[in-house]
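Structure first, then comments.
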Protein chains: 4
Amino acid sequence: MNAIKVAINGYGTIGKRVADAVDAQDDMEVVGVTKTAPSFGCNLAVKKEFPLYCTSDETKRISSFSESHFECCGGLSNLLSIADVVIDCSPGNVGSDNLSKYQDAGVKYIFQGGEKHELTGLSYTSSANHTENLNAEGSRVVSCNTTGLARTLVPLYEYCGSLNVECTMIRRAADPGDSKKGPINAIKPVLKVPSHHGPDVMTVKPEIVINSLAVAVPTTIMHVHAIVADLPENHGLTTESIVDLWKGTPRVVVMHGGGNRLTTTAEVMEMARDIGRKWGDLHEIFVWEDGAKLVGDRLYYFQAIHQESDVIPENIDCIRALMGVESDWRSSVAKTDAAISRYYSL
Amino acid sequence: MNAIKVAINGYGTIGKRVADAVDAQDDMEVVGVTKTAPSFGCNLAVKKEFPLYCTSDETKRISSFSESHFECCGGLSNLLSIADVVIDCSPGNVGSDNLSKYQDAGVKYIFQGGEKHELTGLSYTSSANHTENLNAEGSRVVSCNTTGLARTLVPLYEYCGSLNVECTMIRRAADPGDSKKGPINAIKPVLKVPSHHGPDVMTVKPEIVINSLAVAVPTTIMHVHAIVADLPENHGLTTESIVDLWKGTPRVVVMHGGGNRLTTTAEVMEMARDIGRKWGDLHEIFVWEDGAKLVGDRLYYFQAIHQESDVIPENIDCIRALMGVESDWRSSVAKTDAAISRYYSL
Amino acid sequence: MNAIKVAINGYGTIGKRVADAVDAQDDMEVVGVTKTAPSFGCNLAVKKEFPLYCTSDETKRISSFSESHFECCGGLSNLLSIADVVIDCSPGNVGSDNLSKYQDAGVKYIFQGGEKHELTGLSYTSSANHTENLNAEGSRVVSCNTTGLARTLVPLYEYCGSLNVECTMIRRAADPGDSKKGPINAIKPVLKVPSHHGPDVMTVKPEIVINSLAVAVPTTIMHVHAIVADLPENHGLTTESIVDLWKGTPRVVVMHGGGNRLTTTAEVMEMARDIGRKWGDLHEIFVWEDGAKLVGDRLYYFQAIHQESDVIPENIDCIRALMGVESDWRSSVAKTDAAISRYYSL
Amino acid sequence: MNAIKVAINGYGTIGKRVADAVDAQDDMEVVGVTKTAPSFGCNLAVKKEFPLYCTSDETKRISSFSESHFECCGGLSNLLSIADVVIDCSPGNVGSDNLSKYQDAGVKYIFQGGEKHELTGLSYTSSANHTENLNAEGSRVVSCNTTGLARTLVPLYEYCGSLNVECTMIRRAADPGDSKKGPINAIKPVLKVPSHHGPDVMTVKPEIVINSLAVAVPTTIMHVHAIVADLPENHGLTTESIVDLWKGTPRVVVMHGGGNRLTTTAEVMEMARDIGRKWGDLHEIFVWEDGAKLVGDRLYYFQAIHQESDVIPENIDCIRALMGVESDWRSSVAKTDAAISRYYSL
C-alpha cells in the first residue's frame, strides 16, 4: 500500500506537531508544509526536511522565500495537487476560503477546532465517532478542550447510557512561546454564558448533555477542567470503578496528586518533559486520581489538558478515517501512539 | 449610649482593615490592637493612634516593644479587661487557645472564616442570619468566599424557597503584599473534592444545598466564582429579574463587563482604586451583568470577590448583633457602609 | 491671587491622578478634563465633579457624550479658551498635533515623558531644573523612570560635581488595570542598546553622564533600577553619608528591606496602601537602605519606582514654574506634597 | 579503553540531566543514581534503566524502596565502591558531609555551583580552566549564571587581555516544575550588594574583574544578564567583530531578536523545544545579536541562560578533565556536544 500523502497548510504551533506526528507513522508521509512568508518557522521545516510551500499562489510571495534563502516548492495549489489529504492548521477565520480551495483541488481535508462545526458539518474525536468519519470528504478535529472532555466523558457515557455535565474551564491565557498576550495579574471570565466550549462535545457525541463556563488565567501551561457530571440512577459505578474505567481508556493518564507530588500543572508538565516527549508535550488527558469523587449520582473530577498537543494524535486517526484505511478506532489509536510516543510510555 | 469597646487581636491583612472600619463607626471604638512582636505593622498602628498591645502576656515579650521604641500598653489580658468584644484576626490555628482566653475574660468574641464553625457553633453573614446572632456570646464571620456566596445566593433563596448550587472557585494564590507564595506559572486544583468552601454557606443558611470545586491560580487580586444554580420549578424569575434582585441587594455591585471594559479582575480592582477606597478595597461582591444567564431553571453567573476586604463590613454588623444594639440587619448594613465608604459610593 | 486654571487633556492613568493632585492644591483648580469618547472613565470625572470636555471639537463626537447621559461642556478648544495651562496626558504620539493647538490657543503647556524632549526643547524635574523652567511657555515632565533617576542622582551629582552612571531597569510590563499586555512568563530585553531611558536624565541635568539597559518582566507593580554609579575621586562620601543624603532629599524614601520585611516591590506597594494614599500610590522613590553600598568610588544601589504616580507631584511643581508663581523648587515641593499626602506621611 | 564509571548522587533537576548526558557519551557510563526516598523521581530512573541507590547507607531507608516496589541496589557507599567519579547533584548545604564520604571512598568528585569554591578549592568551566583541572581529585562546576558569564567573557578576555565587568542578573524566581515559590507579582532585589554571582567568575578566570547586582522576577524560564563590560584601550574590536568572536565560540548561540522574532525568553525557549532537545533544554548561552553594542571602549549586551541545563555539558567535560582522558577543552566540548545534541544542531 502506498503511503498517504499529507499536506500541512500552516506550520505553526499545531502544524509543526502534526507534521512530526505524520512523519512518524509508516502509512503516511508529509508531502509539504506551508508558510505565509519566509519567517522564522521556515528554519524548522528546512531542518526537518519537509518541502516548503507558500500559503498563497502569488508569484511575488512565492519568490520572496528564495530572497530569504529558503527553497519554496510553489504555492498552495501546487501542494494540493500532489496530496491525498490536507490538514488545515491555519490561524483561523480563513476556514471557508480554504475549504473551497481544498474542494476544487479534490483533496480530502481536516480542519481544526478553531473552525466551527458548520464549516464541515462533521467533526471528529477518535473515541467518539471514528466510524462516522470513515471515507468522508472532510472533517474537523475538535478543539483541545472538546477533545479533552470527549476523552473522559465518552467512556462514561457508553457505560451509563446518559450523562448530564457542567464543566468550568480554567484556561491558560497564552501559549509558552507567546509573549504578547496577557493578563499578567488577573482572571478573565468568558462572559458569553454558558460558553461555547462544552456544547461542542455534542458535535461528536450528541447524546451527552453538557454546558460550560470558562475563565482565562495568567499561565502558559495547560487548561484545567473542573467537571460535575450527573450520572443516571442505577449506574452501578463507584469512584474506584470510574477511575479504573479511565485507566483502561487510551490517551487518558490517571495519577495521584498527593503521593506523587503532581499537585499542579507545573509538575504535570515537568513529568511530560521527563518522559522525553518532543516539545515536552503530553498528548494524554491528565486526571488526578485523588481529585475524583462520586457523591450519590454526581461525579466531581479535575483534568488537565495540554493545549498544544492533545489533538495531534486525533489528527492522525482522522486521516485514517477519511482515507478509509482503518475502521477500528482503537487500532488506529494504538498505531498512532506507538509511533509518536517514541521514548517512554507513561 | 456608650461606644462599644472593641479589641482587635491580630493586626495583619484583616485586622488592620477591621480596626479602620470600627474606627469609622460612631457607635464603637478601637480600644487596642495586638501584635506578636515589634514588627513593621506596629508603625501603622502608631500612625493610626490605636493603642498597641502584645498578643502574649509574657513580660519579656511585652518589653521587647519598648526596646524597638514602640509603646506597648500591655498583654492580651490587659486589653481584654477593657473590651466589650474582641475580633480575633490572628493567623489561624490558634483559635481554640484564644477562645478560652476570651471566655475567661468574659468578653464577647468574633472569629474569622479561617476557623471552623465547630469552634463557635455559630457563624455569621449579615444578610443570612443576623437575627440568629443577636446577643450571642460569640460567633464566626465566615470566609471571604462564603461571604461572597451568601451575598448573591441568600436573596435568590429567599425569593425561590430552594436552591441547589455548584460553584467552581478560581482563587488568587497569594495576597498582593505576599511575595513568598507561588505558583508563578501553574494551576493548582484543590484535590479534596468537593471542596470545603461551598458547604460552609450552610453554616449561615442551612437550606441552601451547595458544593464546590476550587483551584488556585497565579494572581494576587480577587477570587472568581463560576456558579451554576438550579432553581426550583415555577420560580417565576428571568435573567433580568435576577439581575434586578441583586441590584437591590446591599454589598452586591452589578456591572457590565463589555461596554464598561471591566473585562477582568484587573479592571474591577482598578475601579475600586478609582473610587478612592482605602487599600483599593472593594467590600462589595462584583457580579458581571452580561455574565449571568438563566437557561431553563438553571442559572449561570460569575462573581468576583475581593479576598482582603469583603468580610470587613460583616465584622462590624456582627459586633452590633452580638451586642444586641441593632436587630435589623439592613439598618446595620446601611450604617456600616455609610461610615466606611467615605469618598465615593458606587 | 487667583487660582491657576488648569486643563487636563486626557483623563487616563496619569490624567486622573494629575487632576486630583491639582484639585488638592489651594493655588490652582481643574477647569476641565477631556475624554475621547463617553467611556467608562467619564463616570469618575462626573463623581469628582470635574467639567468634562471632548478631546475633539467635532459636533458629532461632542454630542455622543450626551447620548450616553454624560454632560459634555464642549471640545478641546472650548476648554483651552478658559485655561491658563494645559497638562497633556494623552496616550502619546499625538504630541505635535496637540502642541500647535495649545500654541494657537495661547495657553502654557506641559507634556509627559512619553513625548520626546525635542517637542518642547525643555524638560522638567523638580530637583534638577525648576529655575530653568520659570516662566517658560511649555515644558515636558520627564518619564517615571527618568524622574526616579533624577531624584537620587541629582543630589549625588550636586555633592560630588561629577557622576558616571550605568542603570539596568527592570520594568513592569503592564499597569495594574491593564489586562491585555503580556508577557505572562518571560523576560523581554529592550534590544536598543543602550536604551533611551538613562540618557533622558541629561535633558534635565546634562552634567550627569548616564547610560541604561532595560528589560520588561511579568509584573504590574513598580519598576526596579539596579544602579552602578562612579563617583569622582576624593568625593568624601561613605555608604552611610550617601544614605543620609537621600534621607534628606524630598520624595525619596529610604527603608530597610531586611528588618522591615520590605523585601520586594509587593511589600513596598502594600506599605503605600497602608499609609492610605489614593490608588495606593507611592509618589516617592523607594531606596533599599541595605541594598546600597559604596565600593571604592563605585556606588551600587537599588531603587523602586511607582510607575503610575511618581511624576504626579512634578506636574504640579512644573505648573508653578511655568506660571512663575514659585521660584524655589523646595518650597513648591513642600507645598505640593503637604496637599497630596493627605492621610499619613511616611 | 574502559568506559569511565560515573555515579550521580542526587537525581533531581540537575542529576537527571547529567545522567542522560553521561549516558549519551561513548567513553563513560552511569553506574548508578541516588534518591533520598522512593519518591516520584524513581520512576524516571527505572524507565531509563539507571541502577537506583539510596543516598543513605541505613538499612531501613534502603529497604523502604522495595516496599514501594522500586529495586534499590544499596546505599551511597555501595555505589561509590564501583565508581570512578561521582557527580554531586544533591540539593545543597550537604556538600562538606558528602566530600568526606567521597574522599574516604577514594573516588573523584564533582560538585555543583550551589556549593562554595572553598569546598573544593578548584572550580571548572570548559573554556576557562580545563587544563588546570586535569587529573585533579575533585572540582566544582560553577553555577548556571557563572557558566553563562564565562562563556561570553572568557573569549573576550583572551582577545583583549583585560576586562572590567558589571552584570545585572534578572533571575527566574522558580524552575518550571516548582509550584511552591513566588513571587507571583513582584520584583525582588538581592540586597547583598554587590551580589556573589559575578565575582564567582573569578574562581575560574581570576583575571576578569567583575561585580554583579541581581533581582528575581516572576518567571520560570531563563535568567537574563544585562552586561556592561569595559575593554582596555586599543582593543581593536568592533561590535561586529565581537559578535563574530562569539559566533565562533562553542556553546554560545548568537541570533537576531528582531527579524527572527526571538524577542523574549519565551520565544528563545520555544526555539529550544522546536529543535528537539530533551526537556526543551538549551545548553548554549543565547546572545541577542541586535542587543550588543560597543560604545567607545564600553560593551553593552544581553544574554539569556537556561538555568536548568547550561552546566550539563560542563559536567561531562569536567569528568574528562579529572580523569585525565582529554587534555584539550575544545576536543572535549566537541565530543560532548555531538553526543547530547541528538536531533538538530542550531
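Ordering of the C-alpha cells sets the chain letters (A, B, ...), residue numbers begin anew at 1 in every chain, and ligands are numbered from 1 in the order given.
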
At a cut-off of 6 Å, can you tabulate as a tab-separated table every residue of chain B near chain A together with its closest atom pair and the distance in Å to one decimal, using only C-alpha atoms and ordering rows by chain then number?
residue	atom	partner	partner_atom	distance
B:Asn185	CA	A:Thr219	CA	4.9
B:Ala186	CA	A:Ala266	CA	5.2
B:Ile187	CA	A:Thr265	CA	5.5
B:Lys188	CA	A:Thr264	CA	4.3
B:Leu191	CA	A:Gly291	CA	4.5
B:Val193	CA	A:Gly291	CA	5.8
B:Thr219	CA	A:Asn185	CA	4.9
B:Thr264	CA	A:Lys188	CA	4.3
B:Thr265	CA	A:Ala186	CA	5.3
B:Ala266	CA	A:Ala186	CA	5.2
B:Gly291	CA	A:Leu191	CA	4.4

Which of stretch 86-266 of chain A DSSP labels helix (DSSP H, G or I), written as a PyMOL selection string: chain A and resi 95-105+117-120+126-129+131-133+144-160+198-203+239-247+265-266

For A:Val141, find every residue with an atom within 7 Å (counting only C-alpha atoms), except residues of its own chain fewer than 5 positions away, and show them as a PDB file with N, CA and C atoms, in the first residue's frame.
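Full text of part-v1.pdb as output:
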ATOM      1  N   ILE A 110      -8.981  18.203   6.598  1.00  0.00           N
ATOM      2  CA  ILE A 110      -9.231  18.165   8.043  1.00  0.00           C
ATOM      3  C   ILE A 110      -8.977  19.554   8.598  1.00  0.00           C
ATOM      4  N   PHE A 111     -10.014  20.143   9.214  1.00  0.00           N
ATOM      5  CA  PHE A 111      -9.858  21.438   9.882  1.00  0.00           C
ATOM      6  C   PHE A 111      -9.623  21.216  11.376  1.00  0.00           C
ATOM      7  N   GLN A 112      -9.226  22.291  12.048  1.00  0.00           N
ATOM      8  CA  GLN A 112      -9.014  22.214  13.497  1.00  0.00           C
ATOM      9  C   GLN A 112     -10.199  22.854  14.230  1.00  0.00           C
ATOM     10  N   GLY A 113     -10.180  22.719  15.559  1.00  0.00           N
ATOM     11  CA  GLY A 113     -11.304  23.166  16.387  1.00  0.00           C
ATOM     12  C   GLY A 113     -11.526  24.666  16.420  1.00  0.00           C
ATOM     13  N   SER A 123     -17.573  16.490  12.593  1.00  0.00           N
ATOM     14  CA  SER A 123     -16.431  16.694  13.485  1.00  0.00           C
ATOM     15  C   SER A 123     -15.872  15.346  13.905  1.00  0.00           C
ATOM     16  N   TYR A 124     -14.726  15.382  14.599  1.00  0.00           N
ATOM     17  CA  TYR A 124     -14.041  14.117  14.880  1.00  0.00           C
ATOM     18  C   TYR A 124     -13.352  14.105  16.230  1.00  0.00           C
ATOM     19  N   THR A 125     -13.540  13.010  16.936  1.00  0.00           N
ATOM     20  CA  THR A 125     -12.677  12.639  18.060  1.00  0.00           C
ATOM     21  C   THR A 125     -12.532  11.123  18.011  1.00  0.00           C
ATOM     22  N   GLU A 314      -5.257  12.788  17.381  1.00  0.00           N
ATOM     23  CA  GLU A 314      -6.585  12.705  16.761  1.00  0.00           C
ATOM     24  C   GLU A 314      -6.511  13.054  15.275  1.00  0.00           C
ATOM     25  N   ASN A 315      -5.640  14.006  14.924  1.00  0.00           N
ATOM     26  CA  ASN A 315      -5.481  14.345  13.512  1.00  0.00           C
ATOM     27  C   ASN A 315      -4.995  13.145  12.707  1.00  0.00           C
TER      28      ASN A 315
END

Neighbour list for D:Val154 as a VMD selection string, cut-off 8 Å, only C-alpha atoms, skip fewer than 4 positions in-chain: chain D and resid 127 to 128 150 158 205

Contacts of C:Ala136 within 9 Å, only C-alpha atoms, excl. fewer than 3 positions in-chain, as a ChimeraX atom specification: /C:108,122,132-133,139,321-324

Residues within 12 Å of stretch 247-252 of chain D, only C-alpha atoms, excluding chain neighbours under 6 positions, as a PyMOL selection string: chain D and resi 125-127+147-156+240-241+282-289+303-306+309-314+329-338+341+345-346

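Across the structure, atom CA of C:Pro176 and atom CA of C:Ser64 are spaced 29.0 Å apart.
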
Residues of stretch 134-172 of chain A in strand (DSSP E or B), written as a ChimeraX atom specification: /A:138-141,164-172

Just N, CA and C atoms for this one: save the residues we selected as a compact mmCIF listing (two decimals), in the first residue's frame.
# COMPACT_ATOMS: atom_id res chain seq x y z
N GLY A 138 -14.36 15.28 4.28
CA GLY A 138 -13.61 16.17 5.16
C GLY A 138 -14.23 16.17 6.54
N SER A 139 -13.46 16.66 7.51
CA SER A 139 -13.96 16.70 8.87
C SER A 139 -13.24 17.80 9.64
N ARG A 140 -13.59 17.91 10.91
CA ARG A 140 -12.99 18.91 11.78
C ARG A 140 -12.58 18.21 13.06
N VAL A 141 -11.30 18.19 13.37
CA VAL A 141 -10.86 17.65 14.67
C VAL A 141 -11.20 18.72 15.70
N ASN A 164 -25.15 14.10 32.17
CA ASN A 164 -25.54 15.49 32.20
C ASN A 164 -24.41 16.26 32.88
N VAL A 165 -23.73 17.12 32.13
CA VAL A 165 -22.43 17.62 32.58
C VAL A 165 -22.36 19.14 32.63
N GLU A 166 -21.74 19.66 33.69
CA GLU A 166 -21.32 21.06 33.75
C GLU A 166 -19.81 21.08 33.91
N CYS A 167 -19.14 21.92 33.12
CA CYS A 167 -17.68 21.99 33.21
C CYS A 167 -17.24 23.44 33.33
N THR A 168 -16.41 23.74 34.31
CA THR A 168 -15.77 25.05 34.36
C THR A 168 -14.34 24.90 33.89
N MET A 169 -14.01 25.68 32.85
CA MET A 169 -12.69 25.57 32.25
C MET A 169 -11.81 26.71 32.73
N ILE A 170 -10.68 26.36 33.33
CA ILE A 170 -9.72 27.35 33.75
C ILE A 170 -8.60 27.29 32.71
N ARG A 171 -8.58 28.27 31.85
CA ARG A 171 -7.76 28.21 30.64
C ARG A 171 -6.46 29.00 30.77
N ARG A 172 -5.39 28.44 30.21
CA ARG A 172 -4.14 29.19 30.15
C ARG A 172 -4.38 30.35 29.17

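Separating atom CA of B:Gly236 from atom CA of B:Tyr157 is a distance of 12.8 Å.
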
Counting only C-alpha atoms, what is within 8 Å of C:Thr55, bar same-chain residues fewer than 3 positions away, as an mmCIF file with C-alpha atoms, in the first residue's frame?
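To be explicit, this is the file written out as result.cif:
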data_model
loop_
_atom_site.group_PDB
_atom_site.id
_atom_site.type_symbol
_atom_site.label_atom_id
_atom_site.label_comp_id
_atom_site.auth_asym_id
_atom_site.auth_seq_id
_atom_site.Cartn_x
_atom_site.Cartn_y
_atom_site.Cartn_z
ATOM 1 C CA ASN C 9 -6.149 66.867 28.210
ATOM 2 C CA GLY C 10 -6.590 63.099 28.588
ATOM 3 C CA THR C 34 -11.096 65.629 28.333
ATOM 4 C CA LYS C 35 -12.131 62.188 27.167
ATOM 5 C CA THR C 36 -12.094 60.923 23.583
ATOM 6 C CA GLY C 75 -14.493 70.443 22.674
ATOM 7 C CA LEU C 76 -10.819 70.895 23.475
#
